[in-house]
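So this block is entry_8.cif, mmCIF, C-alpha atoms:
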data_start
#
loop_
_atom_site.label_atom_id
_atom_site.label_comp_id
_atom_site.auth_asym_id
_atom_site.auth_seq_id
_atom_site.Cartn_x
_atom_site.Cartn_y
_atom_site.Cartn_z
CA MET A 1 -101.87 41.77 66.60
CA GLU A 2 -100.82 38.75 68.64
CA ILE A 3 -103.17 36.56 70.64
CA SER A 4 -102.03 34.13 73.32
CA VAL A 5 -104.27 31.92 75.42
CA ARG A 6 -103.61 30.11 78.69
CA LYS A 7 -105.88 28.37 81.16
CA GLU A 8 -106.29 29.41 84.82
CA LYS A 9 -108.66 26.91 86.50
CA ASN A 10 -111.79 27.13 84.32
CA ILE A 11 -110.95 30.51 82.83
CA SER A 12 -109.33 31.13 79.44
CA VAL A 13 -106.97 34.06 79.81
CA VAL A 14 -106.59 35.68 76.41
CA SER A 15 -103.80 38.25 76.02
CA VAL A 16 -104.04 40.51 73.01
CA THR A 17 -101.18 42.78 71.97
CA GLY A 18 -100.62 45.21 69.08
CA ARG A 19 -103.43 46.71 67.02
CA MET A 20 -107.00 45.47 66.76
CA ASP A 21 -108.23 47.17 63.60
CA ALA A 22 -110.45 46.24 60.66
CA VAL A 23 -107.63 43.99 59.36
CA THR A 24 -106.98 42.01 62.56
CA ALA A 25 -110.32 42.08 64.43
CA PRO A 26 -111.74 39.07 62.51
CA GLU A 27 -108.76 37.02 63.82
CA PHE A 28 -109.70 37.83 67.41
CA GLU A 29 -113.32 36.92 66.76
CA LYS A 30 -112.32 33.63 65.12
CA SER A 31 -109.92 32.63 67.94
CA LEU A 32 -112.48 33.18 70.69
CA SER A 33 -115.28 31.68 68.67
CA GLU A 34 -113.22 28.49 68.22
CA LEU A 35 -112.50 28.32 71.96
CA MET A 36 -116.23 28.66 72.66
CA SER A 37 -117.08 25.89 70.23
CA LYS A 38 -114.60 23.70 72.18
CA GLY A 39 -116.68 24.36 75.30
CA GLU A 40 -114.81 27.25 76.92
CA LYS A 41 -117.23 29.58 78.70
CA LYS A 42 -115.32 32.06 80.82
CA PHE A 43 -112.86 34.47 79.26
CA LEU A 44 -110.57 37.05 80.75
CA VAL A 45 -109.29 39.24 77.93
CA ASN A 46 -106.09 41.01 78.98
CA LEU A 47 -105.66 44.14 76.86
CA ALA A 48 -102.58 45.53 78.65
CA GLY A 49 -100.52 45.09 75.49
CA LEU A 50 -103.15 46.45 73.10
CA GLU A 51 -102.11 49.80 71.64
CA TYR A 52 -105.04 50.57 69.39
CA ILE A 53 -108.63 49.50 68.84
CA SER A 54 -111.13 50.70 66.24
CA SER A 55 -114.87 50.08 65.92
CA ALA A 56 -114.09 46.84 64.04
CA GLY A 57 -112.41 45.58 67.24
CA LEU A 58 -115.32 46.75 69.40
CA ARG A 59 -117.68 45.01 67.03
CA SER A 60 -115.78 41.71 67.36
CA ILE A 61 -115.73 42.03 71.15
CA LEU A 62 -119.47 42.60 71.19
CA VAL A 63 -120.13 39.64 68.89
CA ILE A 64 -118.05 37.39 71.19
CA ALA A 65 -119.72 38.75 74.34
CA LYS A 66 -123.19 38.14 72.90
CA GLN A 67 -122.23 34.63 71.82
CA SER A 68 -120.75 33.90 75.23
CA LYS A 69 -123.74 35.29 77.13
CA ALA A 70 -126.10 33.17 75.03
CA GLY A 71 -124.14 30.10 76.21
CA GLN A 72 -124.23 31.18 79.88
CA GLY A 73 -120.59 32.26 79.69
CA GLU A 74 -118.87 35.52 80.49
CA VAL A 75 -116.19 37.78 79.02
CA ILE A 76 -114.37 40.19 81.31
CA PHE A 77 -111.43 42.52 80.65
CA SER A 78 -108.26 43.73 82.30
CA GLY A 79 -105.38 46.11 81.73
CA LEU A 80 -106.96 48.68 79.40
CA ARG A 81 -104.79 51.71 78.88
CA GLY A 82 -104.33 54.84 76.75
CA PRO A 83 -106.37 55.03 73.55
CA VAL A 84 -107.99 51.62 74.14
CA GLU A 85 -109.39 52.72 77.50
CA GLU A 86 -110.58 55.99 75.96
CA VAL A 87 -112.39 54.22 73.10
CA PHE A 88 -114.04 51.79 75.56
CA LYS A 89 -115.28 54.75 77.63
CA ILE A 90 -116.59 56.79 74.69
CA SER A 91 -118.42 53.76 73.31
CA GLY A 92 -120.08 52.89 76.60
CA PHE A 93 -118.24 49.54 76.85
CA HIS A 94 -117.15 50.50 80.37
CA SER A 95 -120.71 50.19 81.57
CA ILE A 96 -121.58 46.90 79.83
CA PHE A 97 -118.44 44.93 80.70
CA LYS A 98 -116.60 44.11 83.90
CA ILE A 99 -113.20 45.72 83.62
CA PHE A 100 -110.35 45.26 86.08
CA ASP A 101 -107.04 47.09 86.48
CA SER A 102 -104.98 43.92 86.41
CA GLU A 103 -105.20 40.26 85.47
CA GLU A 104 -104.75 39.29 89.15
CA ALA A 105 -107.64 41.49 90.27
CA ALA A 106 -109.86 40.02 87.54
CA LEU A 107 -108.96 36.40 88.38
CA ASN A 108 -109.83 37.00 92.04
CA GLN A 109 -113.28 38.23 91.07
CA ILE A 110 -114.47 35.89 88.34
CA MET B 1 -103.72 76.01 52.09
CA GLN B 2 -100.58 73.89 52.18
CA LEU B 3 -100.69 70.40 50.68
CA LEU B 4 -98.86 67.93 52.91
CA SER B 5 -99.53 64.59 51.23
CA ASN B 6 -101.75 62.88 48.72
CA ILE B 7 -102.25 59.17 48.19
CA LYS B 8 -104.70 57.31 45.93
CA LEU B 9 -105.22 53.56 46.19
CA PRO B 10 -107.92 50.97 45.48
CA ALA B 11 -110.73 51.13 48.06
CA LYS B 12 -109.90 47.76 49.62
CA ILE B 13 -109.07 46.59 53.12
CA GLU B 14 -105.63 45.38 51.92
CA TYR B 15 -104.65 49.04 51.53
CA LEU B 16 -105.93 50.24 54.92
CA ARG B 17 -102.55 50.20 56.66
CA GLU B 18 -100.83 52.09 53.84
CA LEU B 19 -103.54 54.76 53.73
CA ILE B 20 -103.45 55.14 57.52
CA SER B 21 -99.65 55.47 57.57
CA SER B 22 -99.86 58.44 55.20
CA VAL B 23 -102.25 60.12 57.66
CA SER B 24 -100.12 59.32 60.74
CA HIS B 25 -97.00 60.51 58.95
CA CYS B 26 -98.62 63.94 58.32
CA ALA B 27 -99.91 64.19 61.88
CA ARG B 28 -96.50 63.26 63.30
CA GLU B 29 -94.74 65.85 61.13
CA GLN B 30 -97.16 68.48 62.41
CA GLY B 31 -96.13 67.70 65.97
CA PHE B 32 -99.33 66.12 67.30
CA SER B 33 -98.98 64.03 70.47
CA PRO B 34 -98.93 60.22 70.16
CA GLU B 35 -102.40 60.14 71.81
CA ARG B 36 -103.85 62.61 69.31
CA ILE B 37 -102.20 60.74 66.41
CA SER B 38 -103.89 57.55 67.58
CA GLU B 39 -107.27 59.34 67.58
CA ILE B 40 -106.61 60.72 64.09
CA GLU B 41 -105.70 57.23 62.85
CA LEU B 42 -108.88 55.88 64.37
CA ALA B 43 -111.11 58.49 62.71
CA ALA B 44 -109.38 57.90 59.36
CA GLU B 45 -109.78 54.11 59.69
CA GLU B 46 -113.49 54.44 60.45
CA ALA B 47 -114.07 56.66 57.41
CA LEU B 48 -111.99 54.42 55.12
CA VAL B 49 -113.55 51.13 56.22
CA ASN B 50 -116.96 52.64 55.62
CA ILE B 51 -115.91 53.48 52.05
CA PHE B 52 -114.38 49.99 51.50
CA ASN B 53 -117.63 48.37 52.61
CA TYR B 54 -120.27 50.56 51.04
CA ALA B 55 -119.07 53.15 48.52
CA TYR B 56 -118.71 50.95 45.44
CA GLN B 57 -121.34 48.34 46.24
CA GLY B 58 -119.25 45.39 45.13
CA ASN B 59 -117.55 47.18 42.23
CA GLU B 60 -113.95 48.37 42.08
CA GLY B 61 -113.01 51.94 42.88
CA ASP B 62 -110.35 54.17 44.39
CA VAL B 63 -110.03 56.17 47.54
CA GLU B 64 -107.87 59.25 47.88
CA VAL B 65 -106.49 60.66 51.11
CA ILE B 66 -105.22 64.24 51.10
CA CYS B 67 -103.60 65.95 54.08
CA LYS B 68 -103.59 69.73 54.13
CA LEU B 69 -102.69 72.46 56.56
CA ASP B 70 -104.81 75.60 56.47
CA PRO B 71 -103.51 79.10 57.36
CA GLN B 72 -105.09 78.82 60.83
CA ASP B 73 -102.79 75.86 61.54
CA THR B 74 -105.56 73.32 61.28
CA LEU B 75 -104.90 69.86 59.88
CA ILE B 76 -107.50 68.82 57.31
CA ILE B 77 -107.66 65.21 56.16
CA GLU B 78 -109.83 64.86 53.07
CA ILE B 79 -111.05 61.40 52.13
CA LEU B 80 -112.49 61.15 48.63
CA ASP B 81 -114.30 58.40 46.77
CA SER B 82 -116.37 58.26 43.60
CA GLY B 83 -118.92 55.78 44.89
CA VAL B 84 -122.59 56.28 45.62
CA PRO B 85 -123.31 59.69 47.16
CA PHE B 86 -123.44 59.10 50.89
CA ASP B 87 -123.27 61.50 53.79
CA MET B 88 -122.33 59.35 56.75
CA LEU B 89 -122.93 62.33 59.04
CA THR B 90 -126.68 61.91 58.58
CA LEU B 91 -126.62 58.58 60.44
CA GLY B 92 -128.09 58.54 63.95
CA GLU B 93 -126.04 57.93 67.08
CA PRO B 94 -125.84 54.42 68.51
CA ASP B 95 -127.31 53.75 71.96
CA THR B 96 -124.15 53.55 74.06
CA THR B 97 -126.10 52.67 77.21
CA ALA B 98 -127.78 49.42 76.05
CA ASP B 99 -126.59 46.20 77.73
CA ILE B 100 -124.81 43.32 75.97
CA SER B 101 -127.94 41.61 74.67
CA GLU B 102 -129.65 44.82 73.54
CA ARG B 103 -126.56 46.50 72.15
CA LYS B 104 -126.47 46.64 68.35
CA VAL B 105 -123.35 45.40 66.60
CA GLY B 106 -121.98 48.21 64.45
CA GLY B 107 -122.79 51.89 64.07
CA LEU B 108 -119.92 52.98 66.28
CA GLY B 109 -117.50 54.11 63.57
CA ILE B 110 -119.15 57.38 62.66
CA PHE B 111 -119.92 58.04 66.31
CA LEU B 112 -116.20 57.75 67.13
CA ILE B 113 -115.26 60.09 64.26
CA ARG B 114 -117.61 62.76 65.61
CA LYS B 115 -116.41 62.33 69.18
CA LEU B 116 -112.70 62.44 68.38
CA MET B 117 -112.37 65.06 65.64
CA ASP B 118 -112.72 68.80 66.23
CA ASP B 119 -115.00 69.01 63.21
CA VAL B 120 -116.20 66.76 60.37
CA GLN B 121 -117.66 67.98 57.09
CA TYR B 122 -119.19 66.23 54.11
CA GLN B 123 -119.54 67.57 50.60
CA HIS B 124 -120.61 66.01 47.35
CA GLU B 125 -118.38 67.55 44.69
CA GLY B 126 -119.14 66.50 41.12
CA PRO B 127 -118.87 62.69 41.14
CA LYS B 128 -117.03 62.59 44.46
CA ASN B 129 -117.87 62.17 48.13
CA VAL B 130 -115.51 64.35 50.15
CA LEU B 131 -115.30 63.78 53.89
CA SER B 132 -113.07 66.23 55.77
CA LEU B 133 -111.67 65.37 59.17
CA ILE B 134 -110.60 68.57 60.87
CA VAL B 135 -108.07 68.66 63.70
CA ASN B 136 -107.03 71.86 65.46
CA LYS B 137 -103.37 72.05 66.15
CA SER B 138 -103.50 74.52 68.99
CA LYS B 139 -105.87 72.67 71.31
CA GLY B 140 -107.03 69.11 71.79
CA LYS B 141 -110.73 68.32 71.87
CA GLU B 142 -112.06 68.13 75.41
#
Encoded form (C-alpha cells):
Amino acid sequence: MEISVRKEKNISVVSVTGRMDAVTAPEFEKSLSELMSKGEKKFLVNLAGLEYISSAGLRSILVIAKQSKAGQGEVIFSGLRGPVEEVFKISGFHSIFKIFDSEEAALNQI
Amino acid sequence: MQLLSNIKLPAKIEYLRELISSVSHCAREQGFSPERISEIELAAEEALVNIFNYAYQGNEGDVEVICKLDPQDTLIIEILDSGVPFDMLTLGEPDTTADISERKVGGLGIFLIRKLMDDVQYQHEGPKNVLSLIVNKSKGKE
C-alpha cells in the first residue's frame, strides 16, 4: 500500500493505492491521525488505485472518520472500484460516507 | 476429495500474506475470476486475522490452511487452529445502517465471510477449530 498526500485549498487529498489489509491498515490510520493532529480537518480519500480492502481497512477508515467528526472535520471518498466498491456497499459504508465518482467531482462538492 | 494445497505456519500477522497467497494460488488454478479470487482472499484474511487475534490468547500456536476440491467441483478452504474452541459463526451481525458516530468499530469480518462465501461451516474436531469456507465453482454467489 502506498499513501500520498497533497493539499487542495483547505482539503488534504489522500491517494491510497495497493492493498489495505490487516498488515497495512494501521499505516493508513497512523498517517491520517498525524495529519489531524497537525490541524488538518477535511480529507478527500481517493481510492481509485486501491485494489483490495478487508475489514481491517474498513475499521481504520471508521476510526479516522469518527476522530475527524469529533473535531468538526469531514472525510469523503472518491474513485472506488471493483472489490473495494463492493465491500463498501456490503458493509453499509455507502450510506454513511459521501462518495464521489472522481476526485474532481468530490473537490467541487466539499 | 482432492487435496490441492496445505500450509502450516505460526498464527501471526507476519504470515498473513504467505497464507493468503496459498489460497489465491489454489483459486487461480481452479479458474476462478479475479473478482471471485479477491472475495476468497478477503474471506480467508478475515478468518485468519480472527485466529491471530483471539485463538491463542497471547500464547504461540499454528494455523493450517488446506485447499481441497470435492467431487461436485466445489472449492473448500479449511482453516484449522488448536486454540480455544470458538465458533465465530455464532456472533451476531453488525448494524450496517448506523451512522458514523453510532457505528461500532469491528465486527465486520465475520459478516463479510458470510456475505461473500457460498457456505461457511464450523466444526470442533478433537483439539482443533475447523472453519470451512465453501466456494461453488459453477456459479458465483448473487
Which neighbours of segment 45-52 of chain A fall inside 10 Å, counting only C-alpha atoms, when residues of the same chain fewer than 5 positions from it are skipped, and could you give them as a compact mmCIF listing (two decimals) with C-alpha atoms, in the frame of the given file?
# COMPACT_ATOMS: atom_id res chain seq x y z
CA MET A 1 -101.87 41.77 66.60
CA GLU A 2 -100.82 38.75 68.64
CA ILE A 3 -103.17 36.56 70.64
CA SER A 4 -102.03 34.13 73.32
CA VAL A 5 -104.27 31.92 75.42
CA SER A 12 -109.33 31.13 79.44
CA VAL A 13 -106.97 34.06 79.81
CA VAL A 14 -106.59 35.68 76.41
CA SER A 15 -103.80 38.25 76.02
CA VAL A 16 -104.04 40.51 73.01
CA THR A 17 -101.18 42.78 71.97
CA GLY A 18 -100.62 45.21 69.08
CA ARG A 19 -103.43 46.71 67.02
CA MET A 20 -107.00 45.47 66.76
CA ASP A 21 -108.23 47.17 63.60
CA LEU A 32 -112.48 33.18 70.69
CA GLY A 57 -112.41 45.58 67.24
CA ILE A 61 -115.73 42.03 71.15
CA VAL A 75 -116.19 37.78 79.02
CA ILE A 76 -114.37 40.19 81.31
CA PHE A 77 -111.43 42.52 80.65
CA SER A 78 -108.26 43.73 82.30
CA GLY A 79 -105.38 46.11 81.73
CA LEU A 80 -106.96 48.68 79.40
CA ARG A 81 -104.79 51.71 78.88
CA GLY A 82 -104.33 54.84 76.75
CA PRO A 83 -106.37 55.03 73.55
CA VAL A 84 -107.99 51.62 74.14
CA GLU A 85 -109.39 52.72 77.50
CA VAL A 87 -112.39 54.22 73.10
CA ILE A 99 -113.20 45.72 83.62
CA PHE A 100 -110.35 45.26 86.08
CA ASP A 101 -107.04 47.09 86.48
CA SER A 102 -104.98 43.92 86.41
CA GLU A 103 -105.20 40.26 85.47
CA ALA A 106 -109.86 40.02 87.54
CA SER B 38 -103.89 57.55 67.58
CA GLU B 39 -107.27 59.34 67.58
CA GLU B 41 -105.70 57.23 62.85
CA LEU B 42 -108.88 55.88 64.37
For this session: Translate the PyMOL selection byres ((chain B) within 8 of (chain A)), as applied to the file shown, into an explicit residue set as a VMD selection string.
Result: chain B and resid 13 to 14 16 35 38 to 39 42 45 to 46 49 96 to 101 105 to 106 108 to 109 112 115
Write the residues of the preceding selection, restricted to C-alpha atoms, as a PDB file, in the coordinates of the input.
ATOM      1  CA  ILE B  13    -109.070  46.590  53.120  1.00  0.00           C
ATOM      2  CA  GLU B  14    -105.630  45.380  51.920  1.00  0.00           C
ATOM      3  CA  LEU B  16    -105.930  50.240  54.920  1.00  0.00           C
ATOM      4  CA  GLU B  35    -102.400  60.140  71.810  1.00  0.00           C
ATOM      5  CA  SER B  38    -103.890  57.550  67.580  1.00  0.00           C
ATOM      6  CA  GLU B  39    -107.270  59.340  67.580  1.00  0.00           C
ATOM      7  CA  LEU B  42    -108.880  55.880  64.370  1.00  0.00           C
ATOM      8  CA  GLU B  45    -109.780  54.110  59.690  1.00  0.00           C
ATOM      9  CA  GLU B  46    -113.490  54.440  60.450  1.00  0.00           C
ATOM     10  CA  VAL B  49    -113.550  51.130  56.220  1.00  0.00           C
ATOM     11  CA  THR B  96    -124.150  53.550  74.060  1.00  0.00           C
ATOM     12  CA  THR B  97    -126.100  52.670  77.210  1.00  0.00           C
ATOM     13  CA  ALA B  98    -127.780  49.420  76.050  1.00  0.00           C
ATOM     14  CA  ASP B  99    -126.590  46.200  77.730  1.00  0.00           C
ATOM     15  CA  ILE B 100    -124.810  43.320  75.970  1.00  0.00           C
ATOM     16  CA  SER B 101    -127.940  41.610  74.670  1.00  0.00           C
ATOM     17  CA  VAL B 105    -123.350  45.400  66.600  1.00  0.00           C
ATOM     18  CA  GLY B 106    -121.980  48.210  64.450  1.00  0.00           C
ATOM     19  CA  LEU B 108    -119.920  52.980  66.280  1.00  0.00           C
ATOM     20  CA  GLY B 109    -117.500  54.110  63.570  1.00  0.00           C
ATOM     21  CA  LEU B 112    -116.200  57.750  67.130  1.00  0.00           C
ATOM     22  CA  LYS B 115    -116.410  62.330  69.180  1.00  0.00           C
TER      23      LYS B 115
END
Exercise. Quick one, how far is atom CA of Val135 of chain B from atom CA of Asp119 of chain B?
Worked result: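 Going from atom CA of Val135 of chain B over to atom CA of Asp119 of chain B, I get 7.0 Å.
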Identify all residues satisfying the PyMOL selection byres ((chain B and resi 81-92) around 9) in the given file; provide them as a compact mmCIF listing (two decimals) with C-alpha atoms, in the frame of the given file.
# COMPACT_ATOMS: atom_id res chain seq x y z
CA ALA B 11 -110.73 51.13 48.06
CA ALA B 47 -114.07 56.66 57.41
CA ASN B 50 -116.96 52.64 55.62
CA ILE B 51 -115.91 53.48 52.05
CA TYR B 54 -120.27 50.56 51.04
CA ALA B 55 -119.07 53.15 48.52
CA TYR B 56 -118.71 50.95 45.44
CA GLN B 57 -121.34 48.34 46.24
CA GLY B 61 -113.01 51.94 42.88
CA ASP B 62 -110.35 54.17 44.39
CA VAL B 63 -110.03 56.17 47.54
CA GLU B 64 -107.87 59.25 47.88
CA ILE B 79 -111.05 61.40 52.13
CA LEU B 80 -112.49 61.15 48.63
CA GLU B 93 -126.04 57.93 67.08
CA PRO B 94 -125.84 54.42 68.51
CA GLY B 107 -122.79 51.89 64.07
CA ILE B 110 -119.15 57.38 62.66
CA PHE B 111 -119.92 58.04 66.31
CA ARG B 114 -117.61 62.76 65.61
CA VAL B 120 -116.20 66.76 60.37
CA GLN B 121 -117.66 67.98 57.09
CA TYR B 122 -119.19 66.23 54.11
CA GLN B 123 -119.54 67.57 50.60
CA HIS B 124 -120.61 66.01 47.35
CA PRO B 127 -118.87 62.69 41.14
CA LYS B 128 -117.03 62.59 44.46
CA ASN B 129 -117.87 62.17 48.13
CA VAL B 130 -115.51 64.35 50.15
CA LEU B 131 -115.30 63.78 53.89
For this session: Give me, please, the distance in Å between atom CA of Lys9 of chain A and atom CA of Asn108 of chain A, quoted to one decimal.
Result: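 Spanning atom CA of Lys9 of chain A to atom CA of Asn108 of chain A is a straight-line distance of 11.6 Å.
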Sel. within 9 Å of pt (-113.9, 29.2, 78.1), counting all atoms listed in the file, output as a JSON list (two decimals) with C-alpha atoms, keeping the file's coordinate frame:
[["chain", "number", "residue", "atom", "x", "y", "z"],
["A", 7, "LYS", "CA", -105.88, 28.37, 81.16],
["A", 10, "ASN", "CA", -111.79, 27.13, 84.32],
["A", 11, "ILE", "CA", -110.95, 30.51, 82.83],
["A", 12, "SER", "CA", -109.33, 31.13, 79.44],
["A", 13, "VAL", "CA", -106.97, 34.06, 79.81],
["A", 32, "LEU", "CA", -112.48, 33.18, 70.69],
["A", 35, "LEU", "CA", -112.50, 28.32, 71.96],
["A", 36, "MET", "CA", -116.23, 28.66, 72.66],
["A", 38, "LYS", "CA", -114.60, 23.70, 72.18],
["A", 39, "GLY", "CA", -116.68, 24.36, 75.30],
["A", 40, "GLU", "CA", -114.81, 27.25, 76.92],
["A", 41, "LYS", "CA", -117.23, 29.58, 78.70],
["A", 42, "LYS", "CA", -115.32, 32.06, 80.82],
["A", 43, "PHE", "CA", -112.86, 34.47, 79.26],
["A", 44, "LEU", "CA", -110.57, 37.05, 80.75],
["A", 68, "SER", "CA", -120.75, 33.90, 75.23],
["A", 73, "GLY", "CA", -120.59, 32.26, 79.69],
["A", 74, "GLU", "CA", -118.87, 35.52, 80.49],
["A", 75, "VAL", "CA", -116.19, 37.78, 79.02]]
